[in-house]
$ cat data19.csv   # CSV, C-alpha atoms
chain,number,residue,atom,x,y,z
A,7,MET,CA,-21.7,-13.0,5.9
A,8,LYS,CA,-21.6,-13.7,2.2
A,9,ILE,CA,-18.9,-13.9,-0.5
A,10,ASP,CA,-19.7,-11.9,-3.7
A,11,TRP,CA,-17.4,-11.7,-6.7
A,12,GLN,CA,-19.9,-9.7,-8.8
A,13,ILE,CA,-18.6,-6.2,-9.3
A,14,PRO,CA,-21.1,-3.4,-9.5
A,15,GLU,CA,-20.9,-0.9,-12.4
A,16,ALA,CA,-18.5,1.9,-11.7
A,17,ARG,CA,-20.1,5.3,-11.4
A,18,VAL,CA,-19.5,8.0,-14.0
A,19,GLY,CA,-17.2,11.0,-13.7
A,20,LEU,CA,-15.0,11.7,-10.7
A,21,LYS,CA,-16.9,9.2,-8.6
A,22,GLY,CA,-16.2,6.5,-11.3
A,23,LYS,CA,-12.4,7.3,-11.0
A,24,LEU,CA,-12.7,6.8,-7.3
A,25,ASP,CA,-14.5,3.5,-7.8
A,26,LYS,CA,-11.6,2.3,-10.0
A,27,LEU,CA,-9.2,3.2,-7.2
A,28,ILE,CA,-10.9,1.7,-4.2
A,29,GLY,CA,-13.2,-0.8,-6.0
A,30,PRO,CA,-16.8,-0.3,-7.2
A,31,GLY,CA,-19.4,-0.9,-4.5
A,32,ALA,CA,-17.3,0.0,-1.5
A,33,THR,CA,-19.4,0.2,1.6
A,34,ARG,CA,-19.6,3.3,3.8
A,35,ALA,CA,-17.6,1.6,6.5
A,36,GLU,CA,-14.8,0.7,4.0
A,37,LYS,CA,-14.7,4.3,2.8
A,38,ASP,CA,-14.6,5.6,6.3
A,39,VAL,CA,-11.6,3.5,7.5
A,40,GLN,CA,-9.6,4.2,4.4
A,41,THR,CA,-10.4,8.0,4.5
A,42,TYR,CA,-10.0,8.9,8.2
A,43,ILE,CA,-7.2,6.6,9.5
A,44,PRO,CA,-4.5,7.7,7.0
A,45,PHE,CA,-5.1,11.4,7.8
A,46,ILE,CA,-5.0,10.6,11.5
A,47,ALA,CA,-1.8,8.7,11.0
A,48,ALA,CA,-0.3,11.7,9.1
A,49,GLY,CA,-1.3,14.1,11.9
A,50,VAL,CA,0.3,11.8,14.5
A,51,LEU,CA,3.5,11.6,12.4
A,52,ALA,CA,3.7,15.4,12.0
A,53,TYR,CA,3.2,15.9,15.8
A,54,PHE,CA,5.8,13.4,16.9
A,55,VAL,CA,8.4,14.7,14.3
A,56,TYR,CA,7.8,18.2,15.6
A,57,GLN,CA,8.1,17.1,19.2
A,58,ALA,CA,11.3,15.2,18.4
A,59,GLY,CA,12.8,18.4,17.1
A,60,LEU,CA,13.9,16.9,13.8
A,61,ASP,CA,15.4,19.5,11.5
A,62,TRP,CA,12.9,19.0,8.6
A,63,SER,CA,12.1,21.5,6.0
A,64,TRP,CA,8.5,22.4,5.2
A,65,ALA,CA,8.9,20.3,2.0
A,66,GLN,CA,10.0,17.3,4.0
A,67,TYR,CA,7.0,17.7,6.3
A,68,PHE,CA,4.7,17.9,3.2
A,69,VAL,CA,6.2,14.9,1.5
A,70,ALA,CA,6.2,12.8,4.7
A,71,ILE,CA,2.5,13.6,5.2
A,72,LEU,CA,1.7,12.6,1.6
A,73,LEU,CA,3.7,9.4,1.9
A,74,THR,CA,2.0,8.6,5.2
A,75,VAL,CA,-1.5,9.1,3.7
A,76,ASP,CA,-0.6,7.1,0.6
A,77,MET,CA,1.1,4.2,2.5
A,78,VAL,CA,-1.4,3.8,5.3
A,79,GLY,CA,-4.3,4.4,3.0
A,80,GLY,CA,-2.9,1.9,0.6
A,81,VAL,CA,-2.6,-0.8,3.2
A,82,ILE,CA,-6.2,-0.3,4.2
A,83,THR,CA,-7.7,0.2,0.8
A,84,ASN,CA,-6.0,-2.8,-0.9
A,85,ALA,CA,-7.2,-5.0,2.0
A,86,THR,CA,-10.9,-4.2,1.7
A,87,SER,CA,-13.2,-6.7,0.1
A,88,SER,CA,-14.3,-4.2,-2.6
A,89,ALA,CA,-10.7,-3.7,-3.6
A,90,LYS,CA,-9.9,-7.4,-3.5
A,91,ARG,CA,-12.7,-8.3,-6.0
A,92,TRP,CA,-11.7,-5.3,-8.2
A,93,TYR,CA,-8.0,-5.9,-8.4
A,94,HIS,CA,-8.4,-9.6,-8.6
A,95,ARG,CA,-11.2,-9.7,-11.2
A,96,GLU,CA,-10.9,-11.6,-14.4
A,97,GLY,CA,-8.3,-10.2,-16.7
A,98,GLU,CA,-6.1,-8.9,-13.8
A,99,GLY,CA,-3.1,-11.2,-13.9
A,100,PHE,CA,0.7,-11.2,-13.5
A,101,VAL,CA,1.4,-8.3,-15.9
A,102,GLN,CA,-1.3,-6.0,-14.4
A,103,HIS,CA,-0.2,-6.7,-10.8
A,104,MET,CA,3.5,-6.2,-11.7
A,105,GLY,CA,2.5,-2.9,-13.4
A,106,PHE,CA,0.8,-1.7,-10.2
A,107,ILE,CA,3.9,-2.7,-8.2
A,108,SER,CA,6.3,-1.0,-10.5
A,109,ILE,CA,4.5,2.3,-10.2
A,110,HIS,CA,5.8,2.3,-6.6
A,111,PHE,CA,9.3,3.1,-7.7
A,112,ILE,CA,7.9,6.7,-7.7
A,113,GLN,CA,7.4,6.5,-3.9
A,114,LEU,CA,10.9,5.1,-3.4
A,115,ALA,CA,12.4,7.8,-5.5
A,116,VAL,CA,10.5,10.6,-3.7
A,117,PHE,CA,11.5,9.1,-0.3
A,118,SER,CA,15.1,8.8,-1.3
A,119,TYR,CA,15.2,12.3,-2.8
A,120,PHE,CA,13.8,14.1,0.3
A,121,PHE,CA,15.2,12.0,3.1
A,122,LEU,CA,18.3,10.0,1.8
A,123,GLU,CA,19.9,12.6,-0.5
A,124,LEU,CA,18.8,10.7,-3.6
A,125,ASN,CA,20.5,7.4,-2.9
A,126,VAL,CA,20.0,5.7,-6.2
A,127,TRP,CA,21.5,2.4,-4.9
A,128,TRP,CA,18.9,2.4,-2.2
A,129,ILE,CA,16.2,2.8,-4.8
A,130,ALA,CA,17.7,0.0,-6.8
A,131,TYR,CA,18.1,-2.5,-3.9
A,132,VAL,CA,14.7,-1.8,-2.4
A,133,GLY,CA,13.0,-1.8,-5.8
A,134,ALA,CA,14.7,-5.1,-6.8
A,135,PHE,CA,13.5,-6.8,-3.6
A,136,MET,CA,10.0,-5.3,-4.2
A,137,LEU,CA,9.8,-6.7,-7.7
A,138,LEU,CA,11.4,-10.1,-7.0
A,139,ALA,CA,9.2,-10.7,-3.9
A,140,SER,CA,6.1,-9.6,-5.8
A,141,ALA,CA,6.9,-11.9,-8.8
A,142,ALA,CA,7.6,-14.8,-6.5
A,143,ILE,CA,4.3,-14.5,-4.7
A,144,LEU,CA,2.3,-14.1,-8.0
A,145,LEU,CA,4.0,-17.1,-9.5
A,146,THR,CA,3.3,-19.3,-6.5
A,147,PRO,CA,0.2,-21.6,-6.7
A,148,LEU,CA,-2.8,-19.8,-5.2
A,149,TYR,CA,-3.1,-22.1,-2.2
A,150,LEU,CA,0.5,-21.3,-1.1
A,151,GLN,CA,0.5,-17.6,-1.8
A,152,ARG,CA,-0.4,-16.4,1.7
A,153,PRO,CA,2.4,-18.3,3.5
A,154,VAL,CA,4.9,-17.4,0.9
A,155,ALA,CA,3.9,-13.7,1.0
A,156,LEU,CA,4.2,-13.7,4.8
A,157,VAL,CA,7.7,-15.3,4.6
A,158,LEU,CA,8.8,-12.7,2.0
A,159,TYR,CA,7.2,-9.9,4.0
A,160,SER,CA,9.2,-11.1,7.1
A,161,VAL,CA,12.4,-11.0,5.0
A,162,GLY,CA,11.5,-7.5,3.9
A,163,LEU,CA,10.9,-6.5,7.5
A,164,ILE,CA,14.4,-7.8,8.5
A,165,LEU,CA,16.0,-6.0,5.6
A,166,SER,CA,14.1,-2.8,6.5
A,167,LEU,CA,15.4,-3.0,10.1
A,168,TYR,CA,19.0,-4.1,9.6
A,169,VAL,CA,20.1,-3.7,6.0
A,170,PHE,CA,18.3,-0.9,4.1
A,171,GLU,CA,19.1,2.7,5.1
A,172,THR,CA,16.3,4.6,6.7
A,173,ALA,CA,15.5,8.2,7.9
A,174,VAL,CA,15.0,9.2,11.5
A,175,GLY,CA,11.3,9.6,12.1
A,176,LEU,CA,10.4,7.4,9.1
A,177,GLU,CA,11.7,4.1,10.2
A,178,TRP,CA,8.2,2.7,9.6
A,179,PHE,CA,8.2,3.6,5.9
A,180,LEU,CA,9.6,0.4,4.4
A,181,PRO,CA,7.7,-2.0,6.7
A,182,ILE,CA,4.4,-0.3,5.8
A,183,PHE,CA,5.5,-0.1,2.1
A,184,PHE,CA,6.1,-3.8,1.9
A,185,LEU,CA,2.9,-4.5,3.9
A,186,LYS,CA,0.9,-2.6,1.3
A,187,LEU,CA,2.4,-4.4,-1.7
A,188,LEU,CA,3.2,-7.9,-0.6
A,189,ILE,CA,0.3,-8.5,1.7
A,190,SER,CA,-2.6,-6.1,1.1
A,191,HIS,CA,-2.4,-5.8,-2.7
A,192,ILE,CA,-1.1,-9.1,-4.1
A,193,LEU,CA,-2.9,-11.6,-2.0
A,194,ARG,CA,-6.2,-12.8,-3.6
A,195,GLU,CA,-8.8,-13.2,-0.8
A,196,GLU,CA,-12.5,-13.8,-0.7
A,197,PRO,CA,-14.5,-10.6,-0.9
A,198,TYR,CA,-16.8,-11.0,2.1
A,199,ARG,CA,-19.8,-8.7,2.1
A,200,PRO,CA,-22.3,-7.6,4.7
A,201,GLU,CA,-25.8,-8.9,4.4
A,202,HIS,CA,-27.2,-5.4,3.9
A,203,GLU,CA,-24.7,-3.2,2.1
A,204,LYS,CA,-24.6,0.6,2.5
A,205,SER,CA,-22.5,2.3,-0.1
$ encode --input "data19.csv" --output "structure tokens"
Amino acid sequence: MKIDWQIPEARVGLKGKLDKLIGPGATRAEKDVQTYIPFIAAGVLAYFVYQAGLDWSWAQYFVAILLTVDMVGGVITNATSSAKRWYHREGEGFVQHMGFISIHFIQLAVFSYFFLELNVWWIAYVGAFMLLASAAILLTPLYLQRPVALVLYSVGLILSLYVFETAVGLEWFLPIFFLKLLISHILREEPYRPEHEKS
């Protein structure tokens, strides 16, 4: 197993846009786990919500499936070696990471609109924790970022379970949301590569 920070050239066209989302040079195995598992998770969610008899509209089913694919896919994608070397390449610093984090206010707003009757205070409180925790991790010396991130993720998990409002059937949303951002995305880790790559 080797560590390789050299980023291959992104492909052109739509494939190039995909490369800039998942990291150029993603292996076939990396692509498979971040493609299939999120859709399996979405199918499991839809099945259990239906079995539980929750009074969801078709719009809520659709949004919940999209959020599941995005959150579960984001946890996996951001944790791959190809994404690590792409999102932590030279020139990607505090501002760029906080920009990526800030985009996730969209998911919070969508979740709140469809499942919490657009609770703007919920968006504000959850979003404030998201931004403060992310900034704290990024401003921590690199050798301490992992333990600090795990402490802050644990705080986020407790808040998700006991403080922040949730929706029945989607209790997992904030724990996975914080896992995606505070652990999978922010932490800079070595991009281990297989000896013989198949992209």
$ closest_residue --input "data19.csv" --among "A:Trp62, A:Ala85, A:Lys37, A:Phe120" --to "Leu188 in chain A" --atoms "only C-alpha atoms"
A:Ala85
$ closest_residue --input "data19.csv" --among "A:Ala58, A:Ala35, A:Leu20, A:Ala70" --to "Leu176 in chain A" --atoms "all atoms listed in the file"
A:Ala70
$ closest_residue --input "data19.csv" --among "A:Val39, A:Ala89, A:Leu165, A:Leu193" --to "Tyr149 in chain A" --atoms "only C-alpha atoms"
A:Leu193
$ closest_residue --input "data19.csv" --among "A:Thr83, A:His103, A:Thr33, A:Arg95" --to "Glu196 in chain A" --atoms "only C-alpha atoms"
A:Arg95
$ atom_distance --input "data19.csv" --atom1 "CA of Asn125 in chain A" --atom2 "CA of Tyr56 in chain A"
24.9 Å
$ atom_distance --input "data19.csv" --atom1 "CA of Leu148 in chain A" --atom2 "CA of Glu195 in chain A"
9.9 Å
$ residues_around --input "data19.csv" --residues "Val116 in chain A" --least-positions-apart "2" --cutoff "12 Å" --atoms "only C-alpha atoms" --output "list in words"
Ala65, Gln66, Phe68, Val69, Ala70, Leu72, Leu73, His110, Phe111, Ile112, Gln113, Leu114, Ser118, Tyr119, Phe120, Phe121, Leu122, Glu123, Leu124, Asn125, Val126, Trp128 and Ile129 of chain A
$ residues_near_point --input "data19.csv" --point "(-8.4, 0.1, 2.0)" --cutoff "9 Å" --atoms "all atoms listed in the file" --output "JSON, numbers by chain"
{"A": [28, 36, 37, 39, 40, 41, 78, 79, 80, 81, 82, 83, 84, 85, 86, 87, 88, 89, 190]}
$ write_last_selection --input "data19.csv" --atoms "C-alpha atoms" --output "short mmCIF file (atom, residue, chain, number, x, y, z; two decimals), in the coordinates of the input"
data_model
loop_
_atom_site.label_atom_id
_atom_site.label_comp_id
_atom_site.auth_asym_id
_atom_site.auth_seq_id
_atom_site.Cartn_x
_atom_site.Cartn_y
_atom_site.Cartn_z
CA ILE A 28 -10.90 1.70 -4.20
CA GLU A 36 -14.80 0.70 4.00
CA LYS A 37 -14.70 4.30 2.80
CA VAL A 39 -11.60 3.50 7.50
CA GLN A 40 -9.60 4.20 4.40
CA THR A 41 -10.40 8.00 4.50
CA VAL A 78 -1.40 3.80 5.30
CA GLY A 79 -4.30 4.40 3.00
CA GLY A 80 -2.90 1.90 0.60
CA VAL A 81 -2.60 -0.80 3.20
CA ILE A 82 -6.20 -0.30 4.20
CA THR A 83 -7.70 0.20 0.80
CA ASN A 84 -6.00 -2.80 -0.90
CA ALA A 85 -7.20 -5.00 2.00
CA THR A 86 -10.90 -4.20 1.70
CA SER A 87 -13.20 -6.70 0.10
CA SER A 88 -14.30 -4.20 -2.60
CA ALA A 89 -10.70 -3.70 -3.60
CA SER A 190 -2.60 -6.10 1.10
#
$ closest_residue --input "data19.csv" --among "A:Phe117, A:Trp92, A:Phe45, A:Phe183" --to "Ala16 in chain A" --atoms "all atoms listed in the file"
A:Trp92
$ residues_around --input "data19.csv" --residues "Ile107 in chain A" --least-positions-apart "2" --cutoff "12 Å" --atoms "only C-alpha atoms" --output "PyMOL selection string"
chain A and resi 100-105+109-114+133-141+144+183-184+186-188+190-192
$ residues_around --input "data19.csv" --residues "Ile9 in chain A" --least-positions-apart "3" --cutoff "8 Å" --atoms "all atoms listed in the file" --output "number ranges by chain"
A: 196-199
$ atom_distance --input "data19.csv" --atom1 "CA of Tyr159 in chain A" --atom2 "CA of Ile143 in chain A"
10.3 Å
$ closest_residue --input "data19.csv" --among "A:Ile182, A:Ala32, A:Leu158, A:Leu150" --to "Arg91 in chain A" --atoms "only C-alpha atoms"
A:Ala32
$ residues_near_point --input "data19.csv" --point "(11.7, -1.2, 8.3)" --cutoff "8 Å" --atoms "all atoms listed in the file" --output "PyMOL selection string"
chain A and resi 162-168+170+172+177-182
$ write_last_selection --input "data19.csv" --atoms "C-alpha atoms" --output "short mmCIF file (atom, residue, chain, number, x, y, z; two decimals), in the coordinates of the input"
data_model
loop_
_atom_site.label_atom_id
_atom_site.label_comp_id
_atom_site.auth_asym_id
_atom_site.auth_seq_id
_atom_site.Cartn_x
_atom_site.Cartn_y
_atom_site.Cartn_z
CA GLY A 162 11.50 -7.50 3.90
CA LEU A 163 10.90 -6.50 7.50
CA ILE A 164 14.40 -7.80 8.50
CA LEU A 165 16.00 -6.00 5.60
CA SER A 166 14.10 -2.80 6.50
CA LEU A 167 15.40 -3.00 10.10
CA TYR A 168 19.00 -4.10 9.60
CA PHE A 170 18.30 -0.90 4.10
CA THR A 172 16.30 4.60 6.70
CA GLU A 177 11.70 4.10 10.20
CA TRP A 178 8.20 2.70 9.60
CA PHE A 179 8.20 3.60 5.90
CA LEU A 180 9.60 0.40 4.40
CA PRO A 181 7.70 -2.00 6.70
CA ILE A 182 4.40 -0.30 5.80
#
$ residues_around --input "data19.csv" --residues "Phe54 in chain A" --least-positions-apart "5" --cutoff "12 Å" --atoms "all atoms listed in the file" --output "compact mmCIF listing (two decimals) with C-alpha atoms, keeping the file's coordinate frame"
# COMPACT_ATOMS: atom_id res chain seq x y z
CA ALA A 47 -1.80 8.70 11.00
CA ALA A 48 -0.30 11.70 9.10
CA GLY A 49 -1.30 14.10 11.90
CA GLY A 59 12.80 18.40 17.10
CA LEU A 60 13.90 16.90 13.80
CA TYR A 67 7.00 17.70 6.30
CA VAL A 174 15.00 9.20 11.50
CA GLY A 175 11.30 9.60 12.10
CA LEU A 176 10.40 7.40 9.10
